[in-house]
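Undergrad: Below you'll find the structure I mean.
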Amino acid sequence: MRIIFSLLLLGTSLFGQISIPVTPPHVVERFYSLLQEVDQLFQEEEITYWAACGSLLGAVRHGAMIPWDDDIDIAILDKDLGKLLSLKKELAKRGLVLCPLADYIKIFPIDGEVIDKENNGMHLWKYPFIDIFPMTHIEGKVNFLSHRLRATLGQRHWFTKEDMALPLPTLSFGPLQVPVPRNSLTYLKRAYGEDVLEVAIIEYDHAREKKRERLEFSLSQPLCYVVE
């Protein structure tokens with residue numbers, strides 16, 4: 001069943017209203033619970049992490065998950081990677097699975113939803129999940145540890161050493177407080193464009209792990225949120 005509700009912005013018109021697919025509230029709650037569990041464990045193990053990519057954008061622009069986002073992105077430094085990988089059994093005790101991939105790591109609930117592949121079979125991970133990107137100090141920047149990610153996303157998604165000066169500040173992320181880099185807005189404008197606070201883009205469905213028709217829209221226009 002689809003539940004449709006509208007958010008009309010002051011001074012706008014219904015003409016030109018577009019429908020925005022948003023993440024169901026009960027799924028958003030699972031994401032927050034998952035991140036809270038990971039945050040607690042990382043604090044216990046003294047692993048420094050920060051919100052990255054779309055999750056950092058959510059913290060800065062919305063003070064929460066972006067309403068239409070459907071994954072959580074965080075980053076750690078490579079010095080903590082071994083410590084993270086050693087937590088597989090501890091995470092299992094908490095009902096979570098640690099799934100190292102070629103370029104990054106996923107953490108997801110054991111009882112999460114299976115994600116089918118388009119050509120039969122299923123993915124190794126379940127939904128919802130957190131993506132954890134190991135980063136390293138290289139060429140005067142803090143960039144992806146993965147050579148492949150550094151050659152692609154790393155052209156825009158990097159931080160300065162000053163951005164990573166401890167202790168990191170925090171921002172609201174729904175019911176949580178998450179660590180964020182210093183100068184987060186500078187990073188976001190470099191990564192997503194100067195209009196990152198005014199324009200949004202949807203182009204991937206993480207729950208199904210496939211691209212979706214690209215949707216770009218201004219946050220100042222009237223939006224109709226559609227929960228499927």
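To be explicit about the labels: the chains of the structure tokens are called A, B, and onward in the order shown, and within each one the residues are counted from 1, while ligands get numbers from 1 in the order they are shown.
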Where does DSSP see strand (DSSP E or B) in segment 31-91 of chain A, if you list the residues as a ChimeraX atom specification?
TA: /A:49-51,72-77
Undergrad: Could you dump the residues just selected with C-alpha atoms as a CSV table (one decimal), in the first residue's frame?
TA:
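Dumped to out_19.csv:
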```
chain,number,residue,atom,x,y,z
A,49,TYR,CA,34.4,7.6,12.9
A,50,TRP,CA,32.5,10.3,11.2
A,51,ALA,CA,29.4,10.7,9.0
A,72,ILE,CA,24.1,5.2,6.1
A,73,ASP,CA,27.6,6.1,5.2
A,74,ILE,CA,30.4,6.5,7.8
A,75,ALA,CA,34.2,6.6,7.5
A,76,ILE,CA,37.1,5.6,9.7
A,77,LEU,CA,40.9,6.0,9.4
```
Undergrad: Could you name the residues that touch Phe31 of chain A at 8 Å or less, counting only C-alpha atoms, but leaving out those on the same chain fewer than 2 positions away, as a ChimeraX atom specification?
TA: /A:27-29,33-35,71-72,128-129
Undergrad: Neighbours of Leu96 of chain A within 8 Å (only C-alpha atoms; same-chain residues fewer than 6 positions away dropped), as a list in words?
TA: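 The residues satisfying every condition are Ile107, Phe108, Pro109 and Ile110 of chain A.
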Undergrad: Considering only C-alpha atoms, state which residue in the set A:Tyr104, A:Val97, A:Leu176, A:Tyr127 is at the smallest distance from Arg148 of chain A.
TA: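 With only C-alpha atoms as the atom set, the closest residue is A:Tyr104.
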Undergrad: Under the rule that only C-alpha atoms are counted, which of A:Ala200, A:Met122, A:Leu41, A:Val114 is the nearest residue to Leu87 of chain A?
TA: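 The answer is A:Leu41, which sits nearest to Leu87 of chain A.
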Undergrad: Counting only C-alpha atoms, which of A:Arg94, A:His137, A:Lys161, A:Arg156 gets nearest to Arg190 of chain A?
TA: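 Smallest distance to Arg190 of chain A is found for A:Arg156.
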Undergrad: Skip Glu90 of chain A itself and residues of its chain fewer than 4 positions away, then list as an mmCIF file with N, CA and C atoms, in the first residue's frame all residues within 12 Å of it, counting only C-alpha atoms.
TA:
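Ended up saving to result25.cif:
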```
data_model
loop_
_atom_site.group_PDB
_atom_site.id
_atom_site.type_symbol
_atom_site.label_atom_id
_atom_site.label_comp_id
_atom_site.auth_asym_id
_atom_site.auth_seq_id
_atom_site.Cartn_x
_atom_site.Cartn_y
_atom_site.Cartn_z
ATOM 1 N N GLU A 37 23.833 1.366 17.735
ATOM 2 C CA GLU A 37 24.565 0.186 18.197
ATOM 3 C C GLU A 37 26.031 0.261 17.774
ATOM 4 N N VAL A 38 26.265 0.654 16.537
ATOM 5 C CA VAL A 38 27.636 0.770 16.033
ATOM 6 C C VAL A 38 28.374 1.897 16.748
ATOM 7 N N LEU A 41 29.464 0.730 20.208
ATOM 8 C CA LEU A 41 30.593 -0.197 20.142
ATOM 9 C C LEU A 41 31.877 0.541 19.775
ATOM 10 N N PHE A 42 31.800 1.459 18.839
ATOM 11 C CA PHE A 42 32.995 2.209 18.433
ATOM 12 C C PHE A 42 33.524 3.057 19.586
ATOM 13 N N GLU A 44 33.213 2.286 22.761
ATOM 14 C CA GLU A 44 33.819 1.331 23.690
ATOM 15 C C GLU A 44 35.210 0.913 23.219
ATOM 16 N N GLU A 45 35.367 0.752 21.914
ATOM 17 C CA GLU A 45 36.629 0.271 21.347
ATOM 18 C C GLU A 45 37.554 1.408 20.914
ATOM 19 N N LYS A 83 41.263 -3.053 14.057
ATOM 20 C CA LYS A 83 40.424 -3.130 15.252
ATOM 21 C C LYS A 83 38.973 -3.420 14.872
ATOM 22 N N LEU A 84 38.509 -2.753 13.806
ATOM 23 C CA LEU A 84 37.135 -2.984 13.352
ATOM 24 C C LEU A 84 36.942 -4.428 12.906
ATOM 25 N N LEU A 85 37.867 -4.941 12.119
ATOM 26 C CA LEU A 85 37.736 -6.305 11.601
ATOM 27 C C LEU A 85 37.765 -7.344 12.720
ATOM 28 N N SER A 86 38.406 -6.999 13.831
ATOM 29 C CA SER A 86 38.485 -7.935 14.958
ATOM 30 C C SER A 86 37.182 -7.996 15.756
ATOM 31 N N ARG A 94 25.671 -9.006 19.133
ATOM 32 C CA ARG A 94 24.680 -7.931 19.117
ATOM 33 C C ARG A 94 23.702 -8.076 17.957
ATOM 34 N N GLY A 95 23.758 -9.222 17.282
ATOM 35 C CA GLY A 95 22.827 -9.474 16.192
ATOM 36 C C GLY A 95 23.202 -8.814 14.888
ATOM 37 N N LEU A 96 24.491 -8.474 14.738
ATOM 38 C CA LEU A 96 24.947 -7.766 13.548
ATOM 39 C C LEU A 96 26.019 -8.564 12.811
ATOM 40 N N VAL A 97 26.103 -8.354 11.516
ATOM 41 C CA VAL A 97 27.075 -9.043 10.670
ATOM 42 C C VAL A 97 28.073 -8.034 10.123
ATOM 43 N N LEU A 98 29.364 -8.375 10.218
ATOM 44 C CA LEU A 98 30.431 -7.574 9.620
ATOM 45 C C LEU A 98 30.795 -8.211 8.289
#
```
